[in-house]
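Asks: TSV, C-alpha atoms, saved as coords.tsv, coming up:
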chain	number	residue	atom	x	y	z
E	1	MET	CA	-57.44	-31.50	-15.30
E	2	GLN	CA	-56.30	-29.12	-12.56
E	3	GLY	CA	-56.98	-30.08	-8.95
E	4	LYS	CA	-56.89	-33.80	-9.62
E	5	THR	CA	-54.63	-36.26	-7.83
E	6	VAL	CA	-52.03	-38.28	-9.78
E	7	SER	CA	-54.13	-41.44	-9.47
E	8	GLU	CA	-57.18	-39.62	-10.82
E	9	LEU	CA	-55.18	-38.28	-13.78
E	10	ILE	CA	-53.91	-41.77	-14.60
E	11	GLY	CA	-57.40	-43.21	-14.14
E	12	ASP	CA	-58.88	-40.64	-16.50
E	13	VAL	CA	-56.47	-41.55	-19.31
E	14	LEU	CA	-56.89	-45.31	-18.80
E	15	SER	CA	-60.67	-45.09	-18.54
E	16	SER	CA	-60.96	-44.01	-22.18
E	17	TYR	CA	-60.06	-47.59	-23.11
E	18	LEU	CA	-60.67	-49.67	-19.98
E	19	GLY	CA	-63.74	-47.93	-18.63
E	20	PRO	CA	-63.83	-46.13	-15.26
E	21	ASN	CA	-64.17	-49.23	-13.07
E	22	THR	CA	-61.32	-51.23	-14.55
E	23	ALA	CA	-59.13	-48.11	-14.83
E	24	LYS	CA	-59.61	-47.48	-11.11
E	25	THR	CA	-58.88	-51.13	-10.31
E	26	ALA	CA	-55.74	-50.98	-12.46
E	27	VAL	CA	-54.35	-47.93	-10.65
E	28	LYS	CA	-55.15	-49.45	-7.26
E	29	THR	CA	-53.73	-52.89	-8.11
E	30	PHE	CA	-50.48	-51.68	-9.66
E	31	SER	CA	-49.71	-48.91	-7.20
E	32	LYS	CA	-50.00	-51.51	-4.42
E	33	LYS	CA	-48.07	-54.18	-6.33
E	34	GLU	CA	-45.28	-52.04	-7.78
E	35	LEU	CA	-44.87	-49.35	-5.13
E	36	GLY	CA	-46.64	-50.63	-2.03
E	37	LEU	CA	-48.69	-47.43	-1.96
E	38	SER	CA	-52.38	-46.66	-1.89
E	39	PRO	CA	-53.51	-44.72	-5.01
E	40	GLU	CA	-54.09	-41.51	-3.02
E	41	LYS	CA	-50.40	-41.44	-2.04
E	42	LEU	CA	-49.09	-41.61	-5.61
E	43	THR	CA	-46.88	-38.71	-6.69
E	44	ALA	CA	-45.51	-37.70	-10.08
E	45	THR	CA	-42.13	-39.27	-9.25
E	46	ASN	CA	-43.80	-42.68	-8.77
E	47	VAL	CA	-45.32	-42.63	-12.24
E	48	PRO	CA	-42.38	-44.04	-14.32
E	49	LYS	CA	-42.13	-47.13	-12.08
E	50	LEU	CA	-45.91	-47.49	-12.03
E	51	MET	CA	-45.99	-47.34	-15.84
E	52	ASP	CA	-43.26	-50.00	-16.07
E	53	GLY	CA	-45.49	-52.24	-13.97
E	54	MET	CA	-48.60	-51.47	-16.01
E	55	ARG	CA	-47.02	-51.95	-19.44
E	56	PRO	CA	-47.48	-55.75	-19.71
E	57	MET	CA	-51.14	-55.42	-18.68
E	58	LEU	CA	-51.77	-52.65	-21.20
E	59	ARG	CA	-49.87	-54.51	-23.95
E	60	THR	CA	-52.03	-57.58	-23.41
E	61	LEU	CA	-55.22	-55.56	-23.82
E	62	LEU	CA	-54.19	-52.89	-26.32
E	63	GLY	CA	-50.96	-53.92	-28.02
E	64	GLU	CA	-47.62	-52.16	-27.88
E	65	ASP	CA	-48.42	-49.10	-30.01
E	66	VAL	CA	-51.49	-47.91	-28.08
E	67	THR	CA	-49.79	-48.75	-24.78
E	68	GLU	CA	-46.90	-46.43	-25.58
E	69	VAL	CA	-49.33	-43.68	-26.63
E	70	LEU	CA	-51.23	-43.99	-23.34
E	71	VAL	CA	-48.02	-44.07	-21.27
E	72	ALA	CA	-46.80	-40.92	-23.04
E	73	ILE	CA	-50.12	-39.15	-22.39
E	74	ILE	CA	-50.07	-40.15	-18.71
E	75	GLN	CA	-46.48	-38.93	-18.28
E	76	ARG	CA	-47.39	-35.65	-19.95
E	77	GLU	CA	-50.50	-35.22	-17.79
E	78	VAL	CA	-48.61	-35.72	-14.52
E	79	GLY	CA	-45.72	-33.56	-15.69
E	80	GLN	CA	-43.05	-36.25	-15.99
Z	1	MET	CA	-66.72	-45.91	-40.04
Z	2	LYS	CA	-68.48	-45.26	-36.76
Z	3	LEU	CA	-68.53	-47.85	-34.01
Z	4	ARG	CA	-72.33	-47.73	-33.85
Z	5	LEU	CA	-72.50	-48.91	-37.46
Z	6	LEU	CA	-70.78	-52.09	-36.34
Z	7	LEU	CA	-73.73	-52.70	-34.05
Z	8	VAL	CA	-76.35	-51.91	-36.68
Z	9	PHE	CA	-74.77	-53.90	-39.53
Z	10	PRO	CA	-75.20	-57.42	-38.07
Z	11	VAL	CA	-78.80	-56.66	-37.10
Z	12	LEU	CA	-79.61	-55.44	-40.63
Z	13	LEU	CA	-77.86	-58.42	-42.24
Z	14	THR	CA	-79.80	-60.83	-40.02
Z	15	ILE	CA	-83.11	-59.11	-40.77
Z	16	GLY	CA	-82.18	-59.20	-44.47
Z	17	TYR	CA	-81.61	-62.96	-44.37
Z	18	LEU	CA	-84.83	-63.48	-42.39
Z	19	LEU	CA	-86.81	-61.53	-45.00
Z	20	LEU	CA	-85.25	-63.62	-47.80
Z	21	GLU	CA	-86.31	-66.76	-45.92
Z	22	LEU	CA	-89.85	-65.43	-45.45
Z	23	PHE	CA	-90.31	-64.45	-49.09
Z	24	PHE	CA	-88.31	-67.13	-50.93
Z	25	GLY	CA	-87.82	-69.86	-48.28
Z	26	LYS	CA	-89.95	-72.38	-50.16
Z	27	ASP	CA	-88.30	-71.78	-53.54
Z	28	LEU	CA	-85.90	-74.40	-54.80
Z	29	TRP	CA	-83.33	-71.85	-55.99
Z	30	PHE	CA	-83.16	-70.36	-52.50
Z	31	ALA	CA	-82.65	-73.73	-50.83
Z	32	SER	CA	-79.70	-74.42	-53.13
Z	33	SER	CA	-78.25	-70.95	-52.49
Z	34	VAL	CA	-78.20	-71.18	-48.69
Z	35	LYS	CA	-74.73	-72.79	-48.71
Z	36	TYR	CA	-73.36	-69.70	-50.48
Z	37	PHE	CA	-74.92	-67.47	-47.84
Z	38	ILE	CA	-73.29	-69.57	-45.10
Z	39	THR	CA	-69.92	-69.32	-46.85
Z	40	PHE	CA	-70.36	-65.55	-47.19
Z	41	GLY	CA	-71.01	-65.32	-43.42
Z	42	ASP	CA	-67.93	-67.40	-42.59
Z	43	ALA	CA	-65.78	-65.31	-44.94
Z	44	LEU	CA	-67.10	-62.12	-43.36
Z	45	ALA	CA	-66.22	-63.32	-39.85
Z	46	CYS	CA	-62.80	-64.47	-41.09
Z	47	LEU	CA	-62.19	-60.99	-42.52
Z	48	GLY	CA	-63.12	-59.28	-39.24
Z	49	PHE	CA	-61.00	-61.59	-37.08
Z	50	THR	CA	-58.01	-61.22	-39.42
Z	51	ALA	CA	-58.36	-57.43	-39.39
Z	52	ALA	CA	-58.30	-57.50	-35.58
Z	53	ALA	CA	-55.28	-59.82	-35.45
Z	54	LEU	CA	-53.25	-57.69	-37.84
Z	55	ARG	CA	-53.68	-54.62	-35.62
Z	56	PHE	CA	-51.44	-56.33	-33.02
Z	57	LYS	CA	-47.74	-57.02	-33.39
Z	58	ALA	CA	-46.24	-60.50	-33.83
Z	59	GLY	CA	-46.08	-62.36	-30.53
Z	60	GLU	CA	-48.79	-60.33	-28.82
Z	61	HIS	CA	-51.41	-62.39	-27.04
Z	62	LEU	CA	-54.49	-60.94	-28.73
Z	63	ARG	CA	-52.91	-61.30	-32.19
Z	64	ARG	CA	-52.70	-65.04	-31.62
Z	65	ALA	CA	-56.22	-65.17	-30.15
Z	66	TRP	CA	-57.85	-63.38	-33.11
Z	67	LEU	CA	-55.72	-65.35	-35.58
Z	68	PHE	CA	-56.99	-68.65	-34.21
Z	69	MET	CA	-60.56	-67.40	-34.59
Z	70	ALA	CA	-59.80	-66.31	-38.17
Z	71	LEU	CA	-58.17	-69.67	-38.91
Z	72	CYS	CA	-61.32	-71.44	-37.78
Z	73	MET	CA	-63.55	-69.47	-40.13
Z	74	PHE	CA	-60.97	-69.77	-42.94
Z	75	THR	CA	-60.98	-73.55	-42.52
Z	76	PHE	CA	-64.78	-73.59	-42.82
Z	77	VAL	CA	-64.65	-71.39	-45.92
Z	78	CYS	CA	-62.06	-73.71	-47.52
Z	79	LEU	CA	-64.11	-76.76	-46.63
Z	80	ARG	CA	-67.22	-75.30	-48.27
Z	81	PHE	CA	-65.31	-74.28	-51.40
Z	82	VAL	CA	-63.82	-77.75	-51.70
Z	83	ASP	CA	-67.22	-79.26	-50.98
Z	84	VAL	CA	-69.05	-77.17	-53.54
Z	85	PHE	CA	-66.54	-77.04	-56.35
Z	86	THR	CA	-64.45	-80.20	-56.28
Z	87	PHE	CA	-65.83	-83.13	-54.31
Z	88	ASP	CA	-68.57	-83.95	-56.74
Z	89	SER	CA	-67.15	-82.64	-59.97
Z	90	VAL	CA	-63.41	-83.33	-59.98
Z	91	PHE	CA	-62.29	-86.11	-57.68
Z	92	GLY	CA	-65.37	-88.31	-57.73
Z	93	LEU	CA	-64.68	-89.44	-54.16
Z	94	SER	CA	-66.92	-91.92	-52.41
Z	95	GLU	CA	-69.40	-90.60	-49.84
Z	96	ASP	CA	-67.46	-92.23	-46.96
Z	97	VAL	CA	-64.19	-90.53	-47.92
Z	98	LYS	CA	-65.93	-87.18	-48.35
Z	99	ASN	CA	-67.51	-87.52	-44.91
Z	100	ALA	CA	-64.16	-88.41	-43.35
Z	101	ILE	CA	-62.56	-85.32	-44.92
Z	102	ARG	CA	-65.44	-83.10	-43.78
Z	103	GLY	CA	-65.23	-84.57	-40.25
Z	104	GLY	CA	-61.45	-84.14	-40.02
Z	105	VAL	CA	-61.48	-80.56	-41.26
Z	106	SER	CA	-64.37	-79.73	-38.96
Z	107	VAL	CA	-62.41	-81.09	-35.98
Z	108	LEU	CA	-59.48	-78.86	-36.94
Z	109	ALA	CA	-61.70	-75.79	-37.30
Z	110	ASN	CA	-63.31	-76.41	-33.93
Z	111	ILE	CA	-59.89	-76.75	-32.28
Z	112	PHE	CA	-58.88	-73.36	-33.73
Z	113	TRP	CA	-62.13	-71.82	-32.45
Z	114	VAL	CA	-61.80	-73.17	-28.91
Z	115	VAL	CA	-58.12	-72.16	-28.66
Z	116	GLY	CA	-58.90	-68.64	-29.89
Z	117	LEU	CA	-61.75	-68.14	-27.47
Z	118	TRP	CA	-59.76	-69.69	-24.63
Z	119	LYS	CA	-57.02	-67.14	-25.24
Z	120	LEU	CA	-59.55	-64.30	-25.27
Z	121	ALA	CA	-61.25	-65.58	-22.13
Z	122	ARG	CA	-57.90	-65.64	-20.29
Z	123	VAL	CA	-57.09	-62.00	-20.96
Z	124	MET	CA	-58.39	-60.52	-17.70
Z	125	HIS	CA	-56.68	-63.27	-15.71
Z	126	MET	CA	-53.40	-62.49	-17.51
Z	127	THR	CA	-53.63	-58.77	-16.77
Z	128	GLY	CA	-54.09	-59.50	-13.07
Z	129	LEU	CA	-57.07	-57.16	-12.91
Z	130	GLY	CA	-59.91	-59.63	-12.48
Z	131	PHE	CA	-63.46	-58.95	-13.59
Z	132	GLY	CA	-64.34	-56.32	-11.00
Z	133	VAL	CA	-67.33	-58.27	-9.64
Z	134	SER	CA	-67.69	-60.29	-6.46
Z	135	LYS	CA	-66.53	-63.94	-6.36
Z	136	TRP	CA	-70.16	-65.05	-5.98
Z	137	ASP	CA	-71.28	-63.09	-9.04
Z	138	GLN	CA	-68.39	-64.63	-10.99
Z	139	ARG	CA	-69.36	-68.12	-9.87
Z	140	LEU	CA	-73.00	-67.45	-10.74
Z	141	VAL	CA	-72.15	-66.30	-14.29
Z	142	LEU	CA	-69.60	-69.09	-14.83
Z	143	GLY	CA	-72.12	-71.66	-13.53
Z	144	LEU	CA	-74.76	-70.31	-15.89
Z	145	GLY	CA	-72.29	-70.56	-18.79
Z	146	ILE	CA	-71.49	-74.20	-17.97
Z	147	LEU	CA	-75.22	-74.98	-17.65
Z	148	LEU	CA	-75.89	-73.43	-21.08
Z	149	GLY	CA	-72.94	-75.31	-22.57
Z	150	VAL	CA	-74.06	-78.70	-21.30
Z	151	THR	CA	-77.74	-78.07	-22.10
Z	152	PHE	CA	-77.28	-76.95	-25.70
Z	153	GLY	CA	-74.04	-78.69	-26.67
Z	154	GLY	CA	-74.46	-81.89	-24.65
Z	155	SER	CA	-77.00	-83.51	-26.94
Z	156	SER	CA	-74.68	-83.12	-29.99
Z	157	VAL	CA	-71.87	-84.80	-28.04
Z	158	VAL	CA	-74.05	-87.78	-27.07
Z	159	THR	CA	-75.46	-88.10	-30.62
Z	160	GLY	CA	-71.94	-87.82	-32.06
Z	161	VAL	CA	-70.44	-90.48	-29.76
Z	162	ILE	CA	-73.26	-92.94	-30.55
Z	163	ALA	CA	-72.96	-92.34	-34.31
Z	164	VAL	CA	-69.13	-92.65	-34.34
Z	165	MET	CA	-69.40	-95.92	-32.40
Z	166	ASP	CA	-71.82	-97.10	-35.11
Z	167	GLY	CA	-69.11	-96.42	-37.70
Z	168	ASN	CA	-70.46	-93.18	-39.17
Z	169	LEU	CA	-67.32	-91.14	-39.89
Z	170	PHE	CA	-69.29	-87.99	-40.65
Z	171	ALA	CA	-70.42	-88.06	-37.01
Z	172	LEU	CA	-66.87	-86.95	-36.13
Z	173	ASN	CA	-68.10	-83.63	-37.43
Z	174	TRP	CA	-71.04	-83.54	-34.98
Z	175	LEU	CA	-68.89	-84.83	-32.15
Z	176	ALA	CA	-66.20	-82.18	-32.66
Z	177	ALA	CA	-68.85	-79.48	-33.08
Z	178	GLY	CA	-70.68	-80.69	-29.97
Z	179	LEU	CA	-67.55	-80.77	-27.81
Z	180	ALA	CA	-66.50	-77.36	-29.12
Z	181	ASP	CA	-70.00	-76.01	-28.43
Z	182	VAL	CA	-69.90	-77.16	-24.82
Z	183	MET	CA	-66.51	-75.53	-24.31
Z	184	VAL	CA	-67.37	-72.37	-26.25
Z	185	LEU	CA	-70.65	-71.85	-24.43
Z	186	CYS	CA	-68.79	-72.22	-21.13
Z	187	LEU	CA	-66.39	-69.51	-22.36
Z	188	ILE	CA	-69.22	-67.02	-22.94
Z	189	ALA	CA	-69.20	-66.32	-19.20
Z	190	PRO	CA	-65.62	-64.95	-18.88
Z	191	LEU	CA	-66.02	-63.00	-22.13
Z	192	PHE	CA	-69.26	-61.48	-20.86
Z	193	LEU	CA	-67.55	-60.57	-17.57
Z	194	THR	CA	-64.68	-58.98	-19.53
Z	195	ALA	CA	-67.13	-56.89	-21.58
Z	196	LEU	CA	-68.89	-55.89	-18.37
Z	197	ALA	CA	-65.59	-54.84	-16.77
Z	198	MET	CA	-64.81	-52.61	-19.78
Z	199	ARG	CA	-68.15	-50.76	-19.77
Z	200	GLY	CA	-67.68	-47.05	-20.28
Z	201	GLY	CA	-64.44	-47.61	-22.21
Z	202	LEU	CA	-63.66	-48.25	-25.88
Z	203	LEU	CA	-62.77	-51.89	-25.20
Z	204	VAL	CA	-66.40	-52.66	-24.40
Z	205	TRP	CA	-67.04	-52.58	-28.19
Z	206	PRO	CA	-64.99	-55.57	-29.37
Z	207	TRP	CA	-65.72	-57.61	-26.25
Z	208	GLY	CA	-69.44	-56.81	-26.22
Z	209	LEU	CA	-69.80	-57.55	-29.94
Z	210	LEU	CA	-67.93	-60.81	-29.44
Z	211	VAL	CA	-70.39	-61.82	-26.72
Z	212	ALA	CA	-73.24	-61.03	-29.17
Z	213	CYS	CA	-71.46	-63.26	-31.73
Z	214	LEU	CA	-71.26	-66.13	-29.23
Z	215	LEU	CA	-74.92	-65.69	-28.33
Z	216	GLY	CA	-75.65	-66.26	-32.02
Z	217	TRP	CA	-73.76	-69.57	-31.88
Z	218	LEU	CA	-75.66	-70.38	-28.68
Z	219	PHE	CA	-78.94	-69.96	-30.60
Z	220	VAL	CA	-77.62	-72.14	-33.44
Z	221	ASP	CA	-77.01	-74.91	-30.90
Z	222	ALA	CA	-80.30	-74.25	-29.13
Z	223	PHE	CA	-82.29	-74.63	-32.35
Z	224	GLN	CA	-80.26	-77.70	-33.30
Z	225	SER	CA	-81.02	-79.29	-29.92
Z	226	LEU	CA	-84.67	-78.27	-30.19
Z	227	GLY	CA	-84.82	-79.89	-33.63
Z	228	GLN	CA	-83.66	-83.18	-32.10
Z	229	ILE	CA	-86.36	-83.06	-29.41
Z	230	VAL	CA	-89.34	-81.52	-31.23
Z	231	ASP	CA	-90.36	-82.51	-34.76
Z	232	LEU	CA	-89.61	-79.12	-36.32
Z	233	ASP	CA	-90.49	-78.38	-39.93
Z	234	PRO	CA	-87.18	-78.57	-41.88
Z	235	LEU	CA	-87.83	-75.12	-43.37
Z	236	VAL	CA	-88.37	-73.61	-39.92
Z	237	GLN	CA	-85.25	-75.33	-38.59
Z	238	ARG	CA	-83.15	-74.07	-41.52
Z	239	CYS	CA	-84.54	-70.56	-41.13
Z	240	THR	CA	-83.84	-70.38	-37.38
Z	241	MET	CA	-80.38	-71.94	-37.62
Z	242	ILE	CA	-79.10	-69.94	-40.57
Z	243	THR	CA	-80.58	-66.72	-39.19
Z	244	SER	CA	-78.73	-67.33	-35.90
Z	245	ARG	CA	-75.60	-68.25	-37.84
Z	246	THR	CA	-75.82	-65.04	-39.87
Z	247	TRP	CA	-76.16	-63.08	-36.63
Z	248	ALA	CA	-73.11	-64.88	-35.15
Z	249	CYS	CA	-70.87	-64.39	-38.19
Z	250	ALA	CA	-71.87	-60.76	-38.72
Z	251	PHE	CA	-71.28	-59.92	-35.06
Z	252	GLY	CA	-67.93	-61.76	-35.28
Z	253	PHE	CA	-67.00	-59.48	-38.19
Z	254	SER	CA	-68.12	-56.42	-36.21
Z	255	ALA	CA	-66.16	-57.51	-33.11
Z	256	GLY	CA	-62.97	-57.86	-35.13
Z	257	MET	CA	-63.48	-54.57	-36.92
Z	258	ALA	CA	-64.24	-52.81	-33.62
Z	259	GLN	CA	-61.00	-54.17	-32.15
Z	260	ARG	CA	-59.09	-52.88	-35.18
Z	261	MET	CA	-60.80	-49.48	-35.18
Z	262	ILE	CA	-60.36	-48.59	-31.52
Z	263	LEU	CA	-56.63	-49.29	-31.72
Z	264	GLY	CA	-56.29	-47.09	-34.78
Z	265	ARG	CA	-54.90	-43.57	-34.85
Z	266	ARG	CA	-58.34	-41.97	-35.07
Z	267	PHE	CA	-59.08	-42.97	-31.49
Z	268	THR	CA	-55.62	-42.56	-29.97
Z	269	ASP	CA	-55.44	-39.05	-31.49
Z	270	LYS	CA	-58.72	-38.17	-29.78
Z	271	ILE	CA	-57.28	-39.06	-26.37
Z	272	LYS	CA	-54.17	-36.99	-27.03
Kindly transcribe the structure held in the file into structure tokens.
Replies:
Amino acid sequence: MQGKTVSELIGDVLSSYLGPNTAKTAVKTFSKKELGLSPEKLTATNVPKLMDGMRPMLRTLLGEDVTEVLVAIIQREVGQ
Amino acid sequence: MKLRLLLVFPVLLTIGYLLLELFFGKDLWFASSVKYFITFGDALACLGFTAAALRFKAGEHLRRAWLFMALCMFTFVCLRFVDVFTFDSVFGLSEDVKNAIRGGVSVLANIFWVVGLWKLARVMHMTGLGFGVSKWDQRLVLGLGILLGVTFGGSSVVTGVIAVMDGNLFALNWLAAGLADVMVLCLIAPLFLTALAMRGGLLVWPWGLLVACLLGWLFVDAFQSLGQIVDLDPLVQRCTMITSRTWACAFGFSAGMAQRMILGRRFTDKIK
């Protein structure tokens, strides 16, 4: 996964469940809503807050258990 | 169990029923066994929906949605068991009372079904993600859903209202089913858009299979409406309706099982 931006790393993990289009939309929507940033400007330090914002959305679609697994994978991938 | 099997199973079950109809459709024993096949289908769908619901924790939105769907099918299963085993043999109820009970229970089941689907249809709105298609495409698909709902469910509503006004209590059954059909067929559109939004991801499986299930119910209504317009042979009408029903119930089972499977450890471990 080297050479990828933070938003691409998050998108890759989410796309396994949500598909690439919705995963991309999710990263874009929540980085704007939670951080006021465009996805390209996301850094590893933004990820915990972004994940807090994404949790309710992921819980609705996937339930708590899978949400926590995905959040843990994302945090590991971006080095948090 | 592989996800692809969940796609193949309903098709095979439907073909199996169709073959039974073709070979034994005219036999008396088969005609009297159809009700058991219907009950089997309802029980199968109930099992799938329950399995999906139990994968979520108490209070989670999709747990409630799948539970309402399961409750609907469970109500139908109970009604058929009561119908088959007790109405005629134990209680000796009059036909009017039996019809009122059937109508009332059917209303309840249809309420469960509509609430469950409504909750599923609202998921993308709740997540704040939208369907990922243009507003015009959304309107087009939603409009098509409403058109299908009114076309295929509308006639049952009109027939039901007229019959209830004439004092036929069993018509409550048709009326509830008709109203539910209109609403459910309208809800195909958001569910289809949700499945479309999830393409390429694991979630496309439960949502896509659920759309296939609803298409089965759409065909049930379509053949029912067609039977009211054209003088269809009763055997042909039974064959088309029960085949569509088998398709719908089997795909309902598959949708629920797919939802359960993709949230299981086998899939989350793969992502890790």
Asks: May I ask you to extract the residues of chain E within 8 Å of chain Z, using all atoms listed in the file, and to give them as a PyMOL selection string?
Replies: chain E and resi 13+15-22+25-26+29+56-64+66+69+73
Asks: Convert the current residue selection to file output with C-alpha atoms, as a PDB file, in the frame of the given file.
Replies:
ATOM      1  CA  VAL E  13     -56.470 -41.550 -19.310  1.00  0.00           C
ATOM      2  CA  SER E  15     -60.670 -45.090 -18.540  1.00  0.00           C
ATOM      3  CA  SER E  16     -60.960 -44.010 -22.180  1.00  0.00           C
ATOM      4  CA  TYR E  17     -60.060 -47.590 -23.110  1.00  0.00           C
ATOM      5  CA  LEU E  18     -60.670 -49.670 -19.980  1.00  0.00           C
ATOM      6  CA  GLY E  19     -63.740 -47.930 -18.630  1.00  0.00           C
ATOM      7  CA  PRO E  20     -63.830 -46.130 -15.260  1.00  0.00           C
ATOM      8  CA  ASN E  21     -64.170 -49.230 -13.070  1.00  0.00           C
ATOM      9  CA  THR E  22     -61.320 -51.230 -14.550  1.00  0.00           C
ATOM     10  CA  THR E  25     -58.880 -51.130 -10.310  1.00  0.00           C
ATOM     11  CA  ALA E  26     -55.740 -50.980 -12.460  1.00  0.00           C
ATOM     12  CA  THR E  29     -53.730 -52.890  -8.110  1.00  0.00           C
ATOM     13  CA  PRO E  56     -47.480 -55.750 -19.710  1.00  0.00           C
ATOM     14  CA  MET E  57     -51.140 -55.420 -18.680  1.00  0.00           C
ATOM     15  CA  LEU E  58     -51.770 -52.650 -21.200  1.00  0.00           C
ATOM     16  CA  ARG E  59     -49.870 -54.510 -23.950  1.00  0.00           C
ATOM     17  CA  THR E  60     -52.030 -57.580 -23.410  1.00  0.00           C
ATOM     18  CA  LEU E  61     -55.220 -55.560 -23.820  1.00  0.00           C
ATOM     19  CA  LEU E  62     -54.190 -52.890 -26.320  1.00  0.00           C
ATOM     20  CA  GLY E  63     -50.960 -53.920 -28.020  1.00  0.00           C
ATOM     21  CA  GLU E  64     -47.620 -52.160 -27.880  1.00  0.00           C
ATOM     22  CA  VAL E  66     -51.490 -47.910 -28.080  1.00  0.00           C
ATOM     23  CA  VAL E  69     -49.330 -43.680 -26.630  1.00  0.00           C
ATOM     24  CA  ILE E  73     -50.120 -39.150 -22.390  1.00  0.00           C
TER      25      ILE E  73
END
Asks: Calculate how many Å separate atom CA of E:Val6 from atom CA of E:Gln75, rounding to one decimal.
Replies: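 That distance, rounded to one decimal, is 10.2 Å.
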Asks: Just the residues within 10 Å of E:Ile74, please, counting all atoms listed in the file, with nothing from its chain fewer than 6 positions along; format it as a compact mmCIF listing (two decimals) with C-alpha atoms, in the coordinates of the input.
Replies:
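Generated file (selection22.txt):
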# COMPACT_ATOMS: atom_id res chain seq x y z
CA VAL E 6 -52.03 -38.28 -9.78
CA LEU E 9 -55.18 -38.28 -13.78
CA ILE E 10 -53.91 -41.77 -14.60
CA GLY E 11 -57.40 -43.21 -14.14
CA ASP E 12 -58.88 -40.64 -16.50
CA VAL E 13 -56.47 -41.55 -19.31
CA LEU E 14 -56.89 -45.31 -18.80
CA VAL E 47 -45.32 -42.63 -12.24
CA PRO E 48 -42.38 -44.04 -14.32
CA MET E 51 -45.99 -47.34 -15.84
CA GLU E 68 -46.90 -46.43 -25.58
CA GLN E 80 -43.05 -36.25 -15.99
CA LYS Z 272 -54.17 -36.99 -27.03
Asks: Considering all atoms listed in the file, can you say which of E:Asp65, E:Asp52, E:Ser38, E:Thr43 comes closest to E:Lys24?
Replies: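 Among the listed residues, the smallest separation from E:Lys24 belongs to E:Ser38.
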Asks: Between E:Lys28, E:Glu77, E:Thr45, E:Glu40, which is the closest to E:Thr5 once you count only C-alpha atoms?
Replies: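 Answer, going by the shortest atom-to-atom distance: E:Glu40.
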Asks: Any idea what the distance is between atom CA of Z:Ala121 and atom CA of Z:Val105?
Replies: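 According to the coordinates, atom CA of Z:Ala121 and atom CA of Z:Val105 are separated by 24.3 Å.
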Asks: Quick one: residues within 7 Å of Z:Gly216, all atoms listed in the file counted, chain neighbours fewer than 2 positions away excluded, as number ranges by chain?
Replies: Z: 212-214, 218-220, 244-245, 247-248
Asks: For E:Lys41, which of E:Arg55, E:Thr67, E:Glu8, E:Arg76 is the closest residue, counting only C-alpha atoms?
Replies: E:Glu8
Asks: So which residues are close to (-86.7, -72.6, -43.4), meaning at most 7 Å away in the file's coordinates with all atoms listed in the file counted, and can you show them as a list in words?
Replies: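 Applying the cut-off with all atoms listed in the file, one gets Glu21, Gly25, Pro234, Leu235, Val236, Gln237, Arg238 and Cys239 of chain Z.
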Asks: Please work out which residues fall within 7 Å of (-58.3, -65.2, -43.5), coordinates as given in the file, with all atoms listed in the file counting, and return them as a PyMOL selection string.
Replies: chain Z and resi 46-47+50+70-71+74
Asks: Given all atoms listed in the file as the basis, pick out the residue of Z:Gly143, Z:Gly167, Z:Gly153, Z:Gly16 nearest to Z:Leu226.
Replies: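 Nearest candidate to Z:Leu226 out of Z:Gly143, Z:Gly167, Z:Gly153, Z:Gly16: Z:Gly153.
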Asks: What is the distance between atom CA of Z:Ala51 and atom CA of Z:Leu108, in Å to one decimal?
Replies: 21.6 Å
Asks: Return the single residue from Z:Pro190, Z:Gly160, Z:Gly178, Z:Gly145 that is closest to Z:His125, with distances computed using only C-alpha atoms.
Replies: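 For Z:His125, the nearest of the candidates is Z:Pro190.
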Asks: Could you add N, CA, C and O atoms to stretch 32-38 of chain E and give me the result as an mmCIF file, keeping the file's coordinate frame?
Replies:
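Dumped to part.cif:
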data_model
loop_
_atom_site.group_PDB
_atom_site.id
_atom_site.type_symbol
_atom_site.label_atom_id
_atom_site.label_comp_id
_atom_site.auth_asym_id
_atom_site.auth_seq_id
_atom_site.Cartn_x
_atom_site.Cartn_y
_atom_site.Cartn_z
ATOM 1 N N LYS E 32 -50.280 -50.625 -5.579
ATOM 2 C CA LYS E 32 -50.000 -51.510 -4.420
ATOM 3 C C LYS E 32 -48.870 -52.475 -4.761
ATOM 4 O O LYS E 32 -47.928 -52.648 -3.996
ATOM 5 N N LYS E 33 -49.006 -53.117 -5.940
ATOM 6 C CA LYS E 33 -48.070 -54.180 -6.330
ATOM 7 C C LYS E 33 -46.670 -53.639 -6.618
ATOM 8 O O LYS E 33 -45.676 -54.209 -6.177
ATOM 9 N N GLU E 34 -46.582 -52.545 -7.337
ATOM 10 C CA GLU E 34 -45.280 -52.040 -7.780
ATOM 11 C C GLU E 34 -44.618 -51.117 -6.748
ATOM 12 O O GLU E 34 -43.403 -51.061 -6.655
ATOM 13 N N LEU E 35 -45.455 -50.378 -6.012
ATOM 14 C CA LEU E 35 -44.870 -49.350 -5.130
ATOM 15 C C LEU E 35 -45.248 -49.545 -3.654
ATOM 16 O O LEU E 35 -44.707 -48.871 -2.777
ATOM 17 N N GLY E 36 -46.183 -50.419 -3.402
ATOM 18 C CA GLY E 36 -46.640 -50.630 -2.030
ATOM 19 C C GLY E 36 -47.374 -49.422 -1.471
ATOM 20 O O GLY E 36 -47.394 -49.196 -0.267
ATOM 21 N N LEU E 37 -47.995 -48.659 -2.376
ATOM 22 C CA LEU E 37 -48.690 -47.430 -1.960
ATOM 23 C C LEU E 37 -50.182 -47.521 -2.277
ATOM 24 O O LEU E 37 -50.581 -48.223 -3.207
ATOM 25 N N SER E 38 -50.970 -46.777 -1.508
ATOM 26 C CA SER E 38 -52.380 -46.660 -1.890
ATOM 27 C C SER E 38 -52.450 -45.597 -2.998
ATOM 28 O O SER E 38 -51.585 -44.714 -3.074
#
